[in-house]
Every structure is written in structure tokens, then in C-alpha cells.
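Participant: This one is input_13.cif, mmCIF, C-alpha atoms.
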```cif
data_query
loop_
_atom_site.label_atom_id
_atom_site.label_comp_id
_atom_site.auth_asym_id
_atom_site.auth_seq_id
_atom_site.Cartn_x
_atom_site.Cartn_y
_atom_site.Cartn_z
CA MET V 1 4.00 5.76 43.95
CA ALA V 2 7.13 4.31 42.44
CA THR V 3 6.86 3.18 38.83
CA PRO V 4 6.52 -0.61 38.88
CA GLY V 5 9.02 -2.68 36.92
CA ASN V 6 7.70 -4.71 34.03
CA GLU V 7 7.66 -7.97 35.96
CA GLN V 8 6.18 -6.40 39.08
CA PHE V 9 3.29 -5.15 37.00
CA ILE V 10 2.67 -8.36 35.09
CA GLY V 11 3.12 -10.34 38.27
CA PHE V 12 5.09 -13.10 36.66
CA ASN V 13 7.82 -13.49 34.13
CA PRO V 14 6.15 -13.25 30.71
CA SER V 15 8.52 -15.87 29.33
CA VAL V 16 7.10 -18.53 31.66
CA ASP V 17 3.90 -20.21 30.55
CA LEU V 18 1.22 -20.16 33.17
CA THR V 19 -2.39 -21.22 32.98
CA GLU V 20 -5.19 -19.48 34.74
CA ARG V 21 -8.44 -20.82 36.12
CA SER V 22 -11.11 -21.50 33.50
CA SER V 23 -8.59 -21.00 30.70
CA THR V 24 -6.51 -23.35 28.66
CA LEU V 25 -4.47 -20.55 27.14
CA ILE V 26 -0.80 -20.22 27.92
CA ASN V 27 1.24 -17.06 27.55
CA ASN V 28 2.42 -17.65 24.04
CA LYS V 29 -1.23 -17.57 22.95
CA ARG V 30 -1.89 -14.31 24.75
CA GLN V 31 -0.86 -10.77 24.11
CA VAL V 32 1.29 -9.99 27.15
CA TYR V 33 2.07 -6.33 27.69
CA THR V 34 4.84 -4.88 29.77
CA TYR V 35 4.16 -1.88 31.97
CA GLU V 36 5.95 0.36 29.49
CA GLU V 37 3.82 -0.90 26.63
CA MET V 38 0.60 -0.40 28.59
CA MET V 39 1.59 3.17 29.30
CA SER V 40 2.27 3.56 25.56
CA GLY V 41 5.16 5.85 26.17
CA ALA V 42 3.01 8.31 28.08
CA VAL V 43 5.81 8.50 30.63
CA GLY V 44 9.12 10.10 29.75
CA ALA V 45 10.29 13.32 28.18
CA THR V 46 9.08 14.80 24.91
CA THR V 47 11.14 17.65 23.51
CA LEU V 48 9.13 20.34 21.81
CA GLU V 49 10.78 22.80 19.43
CA VAL V 50 9.69 26.40 19.11
CA GLY V 51 8.16 27.26 15.75
CA THR V 52 7.62 30.36 13.66
CA GLN V 53 4.15 31.11 15.06
CA GLY V 54 5.26 30.75 18.67
CA GLN V 55 3.95 27.20 18.83
CA THR V 56 6.00 24.42 20.37
CA ALA V 57 5.71 20.97 18.83
CA GLY V 58 7.36 17.60 18.44
CA ILE V 59 6.76 13.91 17.99
CA SER V 60 7.93 10.90 19.97
CA LYS V 61 7.85 7.20 19.27
CA LEU V 62 5.58 5.14 21.49
CA ALA V 63 6.19 1.63 22.68
CA ALA V 64 2.91 0.19 21.44
CA THR V 65 2.85 -1.62 18.10
CA TYR V 66 -0.24 -2.79 16.27
CA ASN V 67 -1.00 -5.69 13.99
CA ILE V 68 -4.06 -4.71 12.02
CA GLY V 69 -5.31 -7.41 9.71
CA GLY V 70 -1.79 -8.74 9.28
CA ILE V 71 -0.14 -5.35 8.68
CA GLU V 72 2.19 -4.18 11.42
CA TYR V 73 2.35 -0.57 12.56
CA ASP V 74 4.50 1.51 14.90
CA SER V 75 2.86 4.27 16.92
CA TYR V 76 3.92 7.86 17.51
CA ASN V 77 2.65 10.82 19.49
CA LEU V 78 2.32 14.39 18.20
CA LYS V 79 2.29 17.22 20.70
CA CYS V 80 1.86 20.93 20.07
CA PHE V 81 1.16 23.78 22.45
CA ALA V 82 -0.11 26.95 20.83
CA SER V 83 -1.94 30.13 21.69
CA LEU V 84 -4.73 31.17 19.38
CA THR V 85 -4.26 34.88 20.11
CA PRO V 86 -4.83 37.81 19.74
CA GLU V 87 -8.58 37.36 19.46
CA ALA V 88 -9.96 36.97 15.96
CA THR V 89 -12.67 35.08 14.09
CA ALA V 90 -10.28 32.71 12.29
CA PHE V 91 -6.99 31.04 13.16
CA VAL V 92 -4.72 28.62 11.34
CA ILE V 93 -1.65 27.57 13.29
CA ALA V 94 0.86 25.53 11.31
CA ILE V 95 2.15 22.82 13.63
CA GLY V 96 4.67 21.24 11.29
CA SER V 97 5.00 18.35 8.88
CA ILE V 98 5.13 14.61 9.43
CA GLU V 99 6.94 12.83 6.61
CA VAL V 100 6.96 9.05 6.45
CA GLY V 101 9.09 6.78 4.27
CA LYS V 102 6.02 5.19 2.76
CA GLY V 103 2.40 4.53 3.56
CA ASN V 104 -0.48 6.52 4.94
CA ILE V 105 -0.57 7.76 8.52
CA PHE V 106 -3.63 7.19 10.66
CA PHE V 107 -4.48 9.21 13.75
CA ILE V 108 -5.92 6.71 16.19
CA SER V 109 -6.25 8.83 19.30
CA ASN V 110 -6.85 12.49 20.09
CA ARG V 111 -6.59 13.84 23.62
CA SER V 112 -6.18 17.49 22.61
CA ASN V 113 -7.36 20.12 25.06
CA VAL V 114 -8.49 23.74 24.83
CA GLU V 115 -7.95 26.04 27.78
CA SER V 116 -9.62 29.42 28.10
CA VAL V 117 -10.00 32.05 30.79
CA ASP V 118 -13.36 32.64 32.43
CA PHE V 119 -12.32 35.18 35.05
CA GLN V 120 -15.39 37.36 34.53
CA GLY V 121 -17.73 34.43 33.98
CA PHE V 122 -17.87 31.58 36.48
CA GLY V 123 -14.24 32.15 37.39
CA GLY V 124 -11.01 30.29 36.67
CA TYR V 125 -10.11 28.48 33.48
CA THR V 126 -12.17 26.21 31.27
CA ASN V 127 -10.71 23.00 29.83
CA ASN V 128 -12.50 21.10 27.10
CA PRO V 129 -11.56 18.57 24.40
CA LEU V 130 -10.53 20.46 21.28
CA ASN V 131 -13.66 20.32 19.17
CA PHE V 132 -16.77 22.18 18.08
CA GLY V 133 -18.42 23.45 21.25
CA ALA V 134 -15.25 23.79 23.33
CA MET V 135 -15.22 26.85 25.57
CA VAL V 136 -13.19 29.77 24.19
CA ASP V 137 -12.78 33.21 25.66
CA ASN V 138 -12.79 36.80 24.49
CA ALA V 139 -11.38 40.15 25.51
CA LEU V 140 -13.96 40.36 28.32
CA ASP V 141 -12.44 37.21 29.87
CA VAL V 142 -15.70 35.32 29.59
CA ALA V 143 -15.68 31.79 28.16
CA ASN V 144 -18.40 30.63 25.79
CA PRO V 145 -18.77 27.63 23.50
CA ASN V 146 -17.13 27.91 20.09
CA LEU V 147 -19.95 27.39 17.58
CA GLY V 148 -17.76 27.53 14.50
CA LEU V 149 -14.80 25.24 13.80
CA LEU V 150 -12.09 23.81 16.00
CA TYR V 151 -10.05 20.86 14.78
CA VAL V 152 -6.63 19.56 13.78
CA ASN V 153 -6.17 19.36 10.05
CA GLN V 154 -3.95 16.83 8.26
CA LEU V 155 -3.34 18.14 4.77
CA ASN V 156 -1.37 17.26 1.66
CA ILE V 157 0.69 20.10 0.21
CA PRO V 158 0.23 20.68 -3.54
CA ASN V 159 3.11 19.24 -5.59
CA PHE V 160 4.61 17.44 -2.58
CA PRO V 161 4.59 13.65 -2.20
CA ILE V 162 1.58 12.08 -0.49
CA GLU V 163 3.88 10.96 2.34
CA PHE V 164 4.29 14.63 3.41
CA ASN V 165 1.54 15.42 5.91
CA ALA V 166 1.11 19.06 6.90
CA MET V 167 -0.54 19.53 10.28
CA TYR V 168 -2.56 22.60 11.28
CA ILE V 169 -4.77 23.75 14.13
CA VAL V 170 -7.87 25.34 12.64
CA GLY V 171 -10.30 27.48 14.60
CA ALA V 172 -13.10 29.80 13.52
CA ASN V 173 -16.11 31.43 15.10
CA ALA V 174 -18.66 34.07 14.13
CA GLY V 175 -17.38 36.29 16.96
CA ASN V 176 -13.84 37.06 18.00
CA PHE V 177 -12.30 34.50 20.30
CA GLU V 178 -9.01 33.27 21.71
CA CYS V 179 -7.78 30.21 23.59
CA ASP V 180 -4.78 27.99 24.18
CA ALA V 181 -4.59 24.63 22.43
CA TYR V 182 -2.70 21.58 23.68
CA ILE V 183 -2.48 19.00 20.92
CA ASP V 184 -1.87 15.41 21.99
CA MET V 185 -2.58 12.87 19.25
CA ASP V 186 -1.32 9.36 18.52
CA PHE V 187 -0.78 8.09 15.01
CA ILE V 188 0.36 4.87 13.43
CA VAL V 189 2.65 4.28 10.46
CA LEU V 190 3.89 1.12 8.77
CA LYS V 191 6.34 -0.70 11.03
CA ASN V 192 9.99 0.29 10.70
CA GLU V 193 9.26 3.15 8.29
CA THR V 194 11.11 6.43 8.75
CA VAL V 195 9.16 9.28 10.37
CA GLU V 196 10.45 12.83 10.27
CA PHE V 197 8.90 15.87 11.92
CA THR V 198 9.69 19.41 10.79
CA ILE V 199 8.44 22.27 12.91
CA ALA V 200 6.58 24.95 10.98
CA MET I 1 -18.76 -9.58 -1.83
CA GLU I 2 -17.22 -6.23 -2.68
CA GLU I 3 -13.45 -6.32 -3.14
CA THR I 4 -10.83 -3.68 -3.77
CA LEU I 5 -10.17 -4.08 -7.48
CA ILE I 6 -7.58 -1.31 -7.84
CA LYS I 7 -5.55 0.62 -5.30
CA VAL I 8 -4.46 3.94 -6.74
CA THR I 9 -1.06 4.19 -5.08
CA ASP I 10 2.22 5.94 -5.64
CA VAL I 11 5.31 3.87 -6.45
CA LYS I 12 5.89 3.29 -2.73
CA GLY I 13 2.45 1.76 -2.30
CA THR I 14 0.89 4.67 -0.41
CA ILE I 15 -2.78 5.02 -1.31
CA LEU I 16 -3.49 8.39 -2.95
CA LYS I 17 -6.76 9.00 -1.10
CA PRO I 18 -7.30 12.63 -2.16
CA ILE I 19 -6.57 12.03 -5.85
CA ASP I 20 -9.14 13.17 -8.40
CA ALA I 21 -9.08 10.44 -11.03
CA THR I 22 -11.17 8.15 -13.18
CA PHE I 23 -10.41 4.65 -14.41
CA LYS I 24 -11.14 2.44 -17.40
CA VAL I 25 -10.64 -1.30 -17.85
CA GLU I 26 -10.32 -2.60 -21.41
CA TYR I 27 -10.13 -6.12 -22.80
CA LYS I 28 -8.56 -6.73 -26.20
CA TYR I 29 -9.26 -9.97 -28.06
CA GLU I 30 -7.11 -11.63 -30.73
CA GLY I 31 -8.00 -10.44 -34.22
CA GLU I 32 -10.03 -7.48 -33.06
CA ALA I 33 -8.79 -4.02 -33.92
CA VAL I 34 -10.32 -2.17 -31.00
CA ALA I 35 -10.27 -2.98 -27.30
CA GLU I 36 -13.59 -3.31 -25.50
CA GLU I 37 -14.21 -1.10 -22.49
CA VAL I 38 -15.64 -3.37 -19.80
CA LEU I 39 -15.54 -1.15 -16.74
CA SER I 40 -15.13 2.56 -15.98
CA GLY I 41 -15.88 5.10 -13.29
CA ASP I 42 -14.47 7.39 -10.66
CA VAL I 43 -11.65 6.56 -8.28
CA ILE I 44 -13.13 7.04 -4.82
CA ARG I 45 -10.66 7.83 -2.03
CA GLY I 46 -7.84 6.16 -3.87
CA THR I 47 -9.58 2.88 -4.54
CA VAL I 48 -11.85 1.20 -7.03
CA LYS I 49 -14.21 -1.30 -5.49
CA GLY I 50 -16.39 -3.93 -7.07
CA GLU I 51 -17.17 -7.61 -6.99
CA LYS I 52 -14.55 -8.63 -9.52
CA PHE I 53 -13.19 -7.72 -12.94
CA PRO I 54 -15.70 -8.72 -15.64
CA VAL I 55 -15.30 -12.23 -17.03
CA ALA I 56 -13.67 -12.34 -20.46
CA ASP I 57 -15.65 -13.64 -23.44
CA ALA I 58 -14.88 -17.36 -23.40
CA THR I 59 -15.59 -17.69 -27.13
CA LYS I 60 -12.64 -15.41 -27.98
CA ASP I 61 -8.91 -15.47 -27.24
CA LEU I 62 -7.95 -12.76 -24.79
CA GLU I 63 -4.90 -10.92 -26.07
CA SER I 64 -4.46 -8.35 -23.30
CA THR I 65 -6.23 -6.33 -20.65
CA LYS I 66 -5.56 -2.76 -19.63
CA VAL I 67 -6.23 -0.76 -16.49
CA ILE I 68 -6.06 2.93 -17.27
CA ILE I 69 -5.92 5.50 -14.47
CA ILE I 70 -6.66 9.01 -15.68
CA VAL I 71 -5.60 11.69 -13.19
CA LYS I 72 -7.79 14.78 -13.39
CA ASP I 73 -6.10 16.85 -10.70
CA GLU I 74 -5.24 20.32 -11.88
CA PRO I 75 -1.61 21.38 -11.68
CA GLY I 76 -1.13 22.62 -8.14
CA ASN I 77 -2.95 19.70 -6.54
CA LEU I 78 -1.56 16.20 -6.12
CA SER I 79 1.22 15.69 -8.65
CA TYR I 80 0.87 12.18 -9.93
CA ALA I 81 0.74 11.12 -13.57
CA SER I 82 -1.88 9.03 -15.34
CA LYS I 83 -0.85 5.47 -16.07
CA THR I 84 -1.85 2.44 -18.10
CA LEU I 85 -1.11 -1.05 -16.81
CA THR I 86 -1.20 -3.87 -19.37
CA PHE I 87 -1.60 -7.60 -18.68
CA PHE I 88 -1.06 -10.04 -21.52
CA GLY I 89 -3.44 -12.99 -21.81
CA LYS I 90 -5.01 -12.55 -18.41
CA LEU I 91 -7.34 -10.42 -16.33
CA PRO I 92 -5.86 -7.76 -14.04
CA PRO I 93 -5.14 -9.12 -10.56
CA LEU I 94 -7.52 -8.19 -7.74
CA GLY I 95 -6.18 -5.48 -5.44
CA LEU I 96 -3.81 -4.21 -8.09
CA ASP I 97 -1.48 -1.37 -7.03
CA ALA I 98 -1.46 1.32 -9.72
CA ASN I 99 1.97 2.74 -8.67
CA LEU I 100 1.43 6.15 -10.26
CA PRO I 101 4.65 8.07 -10.93
CA PHE I 102 5.25 11.22 -8.91
CA GLU I 103 5.66 14.40 -10.94
CA GLY I 104 6.01 16.99 -8.20
CA ILE I 105 8.77 18.32 -6.00
CA LYS I 106 10.35 16.42 -3.16
CA PRO I 107 11.20 18.96 -0.47
CA GLU I 108 14.75 18.55 0.76
CA THR I 109 15.47 21.38 3.17
CA LYS I 110 13.79 22.51 6.38
CA LYS I 111 13.33 25.97 4.89
CA GLU I 112 11.59 24.55 1.82
CA LYS I 113 9.19 22.60 4.04
CA GLN I 114 8.51 25.57 6.30
CA LEU I 115 7.80 27.82 3.32
CA ALA I 116 5.34 25.31 1.90
CA LEU I 117 3.62 24.95 5.28
CA ALA I 118 3.34 28.74 5.60
CA LYS I 119 2.02 29.14 2.06
CA ARG I 120 -0.65 26.50 2.56
CA ARG I 121 -1.53 28.03 5.93
CA GLN I 122 -2.20 31.34 4.21
CA VAL I 123 -4.51 29.69 1.68
CA LEU I 124 -6.44 28.00 4.49
CA LEU I 125 -6.68 31.21 6.48
CA GLU I 126 -8.00 33.15 3.48
CA LYS I 127 -10.71 30.53 2.93
CA LEU I 128 -11.66 30.66 6.61
CA THR I 129 -11.82 34.44 6.79
CA GLU I 130 -14.16 34.49 3.78
CA LYS I 131 -16.65 32.43 5.77
CA TYR I 132 -15.84 33.95 9.15
CA PRO I 133 -15.06 37.61 8.34
CA PRO I 134 -12.98 39.60 10.82
CA GLN I 135 -14.80 41.64 13.42
CA LYS I 136 -13.68 45.01 14.62
CA LEU I 137 -12.32 44.97 18.14
CA LYS I 138 -14.55 46.93 20.54
#
```
For the structure just supplied, provide its representation as C-alpha cells.
Facilitator:
Amino acid sequence: MATPGNEQFIGFNPSVDLTERSSTLINNKRQVYTYEEMMSGAVGATTLEVGTQGQTAGISKLAATYNIGGIEYDSYNLKCFASLTPEATAFVIAIGSIEVGKGNIFFISNRSNVESVDFQGFGGYTNNPLNFGAMVDNALDVANPNLGLLYVNQLNIPNFPIEFNAMYIVGANAGNFECDAYIDMDFIVLKNETVEFTIA
Amino acid sequence: MEETLIKVTDVKGTILKPIDATFKVEYKYEGEAVAEEVLSGDVIRGTVKGEKFPVADATKDLESTKVIIIVKDEPGNLSYASKTLTFFGKLPPLGLDANLPFEGIKPETKKEKQLALAKRRQVLLEKLTEKYPPQKLK
């Protein structure tokens, strides 16, 4: 299907006030989104750099903005693809740092995925949200739930300014495990503030 | 209703959520040698909450009020300095930004940032492997 243009999607020109049945609102009293805004930048290219632990990562600015209690925010997306290998009981993958001009950053969405092989189990690959309980595999190529830790850590580095946010993938389990992690998280920062990503 | 009395921020206004700090609020009256401590406690996640700052004694003339933020973080944690904010003849404003001065290092180069990320990663990994010790591969 071809990507609809903004006006095709909305169905009318958002600059023209229209009323709808059972409503007295006109457009300037509504939040009218374009197609691009509704997709929140999920379409388009994101360039991921290669890091020191073999991970690839990057951030991109999204179209959506937020007004939360009168404070305006821009939104960004963080992506990182990393292999938690060779199998071990504990992993820490440094993704990189997100430095903002000022203000705290808030992660408002997390669509991160964990993929593991299950060739000798039920067959194929398992895909679960990155979290406690996600399926991870081992040297026998059998996937089982991770009963330890699996999360993305946002951390302040000692002696660095609070605006420097170090990002890590953290995984641990009583038994050896391995998996691939696909990080896909959205965060918001104060509108028009600088945002800089440095790959680890 | 509970309000944010003090926001423990850096000079840019970013709330220092992980900071380990306490606070004191003192009122000093005309003619009195020593200020009276009217409020104190821990800073919780970068804020101090409460209903309002205590009412000043109406029978005395208020000379000044002070909000004192005492940072307890050890060197090697967040690097922000303690600070005292003074208000003459009035109570501190609600939602006050503390604007603590930064005393650490601002990383400038990519290499500096990568080294810091790697160093912190190692610390995290060591903590994890204590709780989840390595297993021998079969």
C-alpha cells in the first residue's frame, strides 16, 4: 500500500474548520495529527553506528511532540542491536550515552525484543519483549525463560553532569545463557534542547 | 495538599533525582542571635515535599530565611556541592530551584565518554557476577 499523504489520511485540510455530528468543536480546538505525526517517525531510515562491543546503536528524532502539564517536550527513539554472547551468567552491554542540554530524559515507550534460538526445543526462534521471563537460549540451542535480570539501564556516571545518561543492556541468570537484543525505546526531552548520542 | 517545596536541581534546572542529600530550613528573627530550624529532613528523589513552609512567628520581625541543602554523596558519586539559599524578610518561595553548582568533570571528547561508559560497565558487570557467578561451560 502506498504511504498516504497527510491530507489523504486526515481526509480534509487541517487548516479548514469543520464540525462533525454531535460535536461543536472545530479544528482549532482539536489536536489534529498528520500521518507523519501519527506514525511518530516509525517510517524512515535510522543509521546505527558500530560500537566497541559489536553493538550497533543510534538515536533519531521523532515527529511527535508532547505538552505535559504545560511543559513541551520533543521525542526521540533509541535503537540498539546487540548479541549477548558467548553464553554466560551475566552481561552488561554498553549502548552509548545520551547527553541533553538540560533537563531530565524520560523513557515513555519500550518495544525492545529478545530473540533466541530454540532449534532443539520446539524449533525455530523465540521472540519476547525484553524483560524478566523472556526466552533465552543456551549452547544446547534450547530456549527457556530467563529467571534472573533482563532490562535496559539508564545510569548517571560518577563525576559527570546529570544530563549525561549512560545506557546499558543488563542481563543475568543463574545458568549460562545467550540471546540477541533489539532495543527500541522512545524518550522525551525538553523541547528544543540539544540531544547528543555517543556510541559506546 | 502536598506541594513541592524545594527542587534540588543543578544550575540548568535539571532535577538531581539520584542525589543523596538532606535539607534544613531556618528562620532568623530581628534581634535574635541564632536562627531557628523550622524544617529538616531527607531529599527524596531530588525533591522536598510538604504542605508549605512553616508560618513565621507573627509577633517577631522576620530578618531572613535560609534553605540549606547538604549533599552527602561521597566523592565518586554525583558531583554537586552543598548550597545555602537566603531570602531576606520573606519565606522561601514554593517550588524553589536549588541550582546546586556542579563540581565534577564535563566530558568533552568521544574517547573520554567511551572510557567512562566502559569503566562504569565494568563496575556493573562485577556487581552482577557476584550475584550470578560464572558457570563452567560443559
Participant: Which is closer to chain I than all the others in V:Leu190, V:Ala64, V:Ile183, V:Val92, using all atoms listed in the file?
Facilitator: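 Between V:Leu190, V:Ala64, V:Ile183, V:Val92, the residue approaching chain I most closely is V:Val92.
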Participant: To one decimal in Å, tell me the separation between atom CA of V:Ala82 and atom CA of V:Lys102.
Facilitator: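 Taking atom CA of V:Ala82 and atom CA of V:Lys102, their separation equals 28.9 Å.
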Participant: Enumerate, as a PyMOL selection string, the residues matched when the PyMOL selection byres ((chain I and resi 56-66) around 8) is run on the file above.
Facilitator: chain I and resi 24-30+54-55+67-68+84-92
Participant: For chain V against chain I, which residues fall within 6 Å using only C-alpha atoms, given as number ranges by chain?
Facilitator: V: 89-90, 92, 102-104, 158-160, 174, 200
Participant: Can you tell me how far atom CA of I:Ala81 sits from atom CA of I:Ala98, in Å to one decimal?
Facilitator: 10.8 Å
Participant: Work out how far apart atom CA of V:Phe122 and atom CA of V:Asn138 are and give it in Å to one decimal.
Facilitator: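 Straight-line distance from atom CA of V:Phe122 to atom CA of V:Asn138 works out to 14.0 Å.
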Participant: Please evaluate the PyMOL selection byres ((chain I and resi 22) around 10) against the displayed coordinates and give the resulting residues as JSON, numbers by chain.
Facilitator: {"I": [19, 20, 21, 23, 24, 40, 41, 42, 43, 44, 48, 68, 69, 70, 71, 72, 82]}
Participant: Tell me which protein, DNA and RNA residues are within 9 Å of V:Thr65, counting only C-alpha atoms, leaving out same-chain ones fewer than 6 positions away, and put them as a PyMOL selection string.
Facilitator: chain V and resi 37+72-75+188+191
Participant: Quick check on the file I pasted: which residues fall under the PyMOL selection byres ((chain V and resi 61) around 7)? Write them as a count of residues only.
Facilitator: 7
Participant: Generate the missing atoms of stretch 72-100 of chain I up to N, CA and C atoms and report them as a tab-separated table (two decimals), keeping the file's coordinate frame.
Facilitator:
```tsv
chain	number	residue	atom	x	y	z
I	72	LYS	N	-7.14	13.54	-12.95
I	72	LYS	CA	-7.79	14.78	-13.39
I	72	LYS	C	-7.32	16.00	-12.60
I	73	ASP	N	-6.52	15.73	-11.56
I	73	ASP	CA	-6.10	16.85	-10.70
I	73	ASP	C	-5.45	17.95	-11.52
I	74	GLU	N	-5.84	19.16	-11.22
I	74	GLU	CA	-5.24	20.32	-11.88
I	74	GLU	C	-3.79	20.45	-11.40
I	75	PRO	N	-2.96	21.09	-12.19
I	75	PRO	CA	-1.61	21.38	-11.68
I	75	PRO	C	-1.75	22.22	-10.40
I	76	GLY	N	-0.99	21.92	-9.41
I	76	GLY	CA	-1.13	22.62	-8.14
I	76	GLY	C	-1.82	21.77	-7.09
I	77	ASN	N	-2.42	20.66	-7.52
I	77	ASN	CA	-2.95	19.70	-6.54
I	77	ASN	C	-1.98	18.54	-6.45
I	78	LEU	N	-2.48	17.34	-6.19
I	78	LEU	CA	-1.56	16.20	-6.12
I	78	LEU	C	-0.86	16.03	-7.47
I	79	SER	N	0.44	15.74	-7.41
I	79	SER	CA	1.22	15.69	-8.65
I	79	SER	C	1.60	14.25	-9.01
I	80	TYR	N	0.62	13.54	-9.48
I	80	TYR	CA	0.87	12.18	-9.93
I	80	TYR	C	0.36	12.03	-11.36
I	81	ALA	N	1.07	11.23	-12.15
I	81	ALA	CA	0.74	11.12	-13.57
I	81	ALA	C	-0.23	9.97	-13.82
I	82	SER	N	-1.01	10.11	-14.89
I	82	SER	CA	-1.88	9.03	-15.34
I	82	SER	C	-1.03	7.84	-15.74
I	83	LYS	N	-1.64	6.66	-15.75
I	83	LYS	CA	-0.85	5.47	-16.07
I	83	LYS	C	-1.74	4.38	-16.66
I	84	THR	N	-1.16	3.61	-17.55
I	84	THR	CA	-1.85	2.44	-18.10
I	84	THR	C	-1.07	1.18	-17.74
I	85	LEU	N	-1.76	0.22	-17.16
I	85	LEU	CA	-1.11	-1.05	-16.81
I	85	LEU	C	-1.67	-2.12	-17.74
I	86	THR	N	-0.77	-2.87	-18.38
I	86	THR	CA	-1.20	-3.87	-19.37
I	86	THR	C	-0.86	-5.28	-18.87
I	87	PHE	N	-1.80	-6.20	-19.07
I	87	PHE	CA	-1.60	-7.60	-18.68
I	87	PHE	C	-1.87	-8.46	-19.92
I	88	PHE	N	-0.90	-9.25	-20.29
I	88	PHE	CA	-1.06	-10.04	-21.52
I	88	PHE	C	-1.69	-11.40	-21.21
I	89	GLY	N	-2.79	-11.67	-21.91
I	89	GLY	CA	-3.44	-12.99	-21.81
I	89	GLY	C	-4.14	-13.29	-20.50
I	90	LYS	N	-4.33	-12.29	-19.68
I	90	LYS	CA	-5.01	-12.55	-18.41
I	90	LYS	C	-5.74	-11.30	-17.91
I	91	LEU	N	-6.63	-11.54	-16.94
I	91	LEU	CA	-7.34	-10.42	-16.33
I	91	LEU	C	-6.41	-9.71	-15.35
I	92	PRO	N	-6.68	-8.45	-15.05
I	92	PRO	CA	-5.86	-7.76	-14.04
I	92	PRO	C	-6.04	-8.46	-12.69
I	93	PRO	N	-4.99	-8.50	-11.88
I	93	PRO	CA	-5.14	-9.12	-10.56
I	93	PRO	C	-5.98	-8.27	-9.62
I	94	LEU	N	-6.71	-8.91	-8.74
I	94	LEU	CA	-7.52	-8.19	-7.74
I	94	LEU	C	-6.60	-7.43	-6.79
I	95	GLY	N	-6.98	-6.25	-6.40
I	95	GLY	CA	-6.18	-5.48	-5.44
I	95	GLY	C	-4.93	-4.89	-6.05
I	96	LEU	N	-4.95	-4.74	-7.34
I	96	LEU	CA	-3.81	-4.21	-8.09
I	96	LEU	C	-3.34	-2.84	-7.59
I	97	ASP	N	-2.05	-2.68	-7.37
I	97	ASP	CA	-1.48	-1.37	-7.03
I	97	ASP	C	-1.17	-0.63	-8.33
I	98	ALA	N	-1.68	0.59	-8.46
I	98	ALA	CA	-1.46	1.32	-9.72
I	98	ALA	C	-0.05	1.91	-9.82
I	99	ASN	N	0.58	2.22	-8.67
I	99	ASN	CA	1.97	2.74	-8.67
I	99	ASN	C	2.14	3.95	-9.58
I	100	LEU	N	1.34	4.96	-9.39
I	100	LEU	CA	1.43	6.15	-10.26
I	100	LEU	C	2.75	6.89	-10.03
```
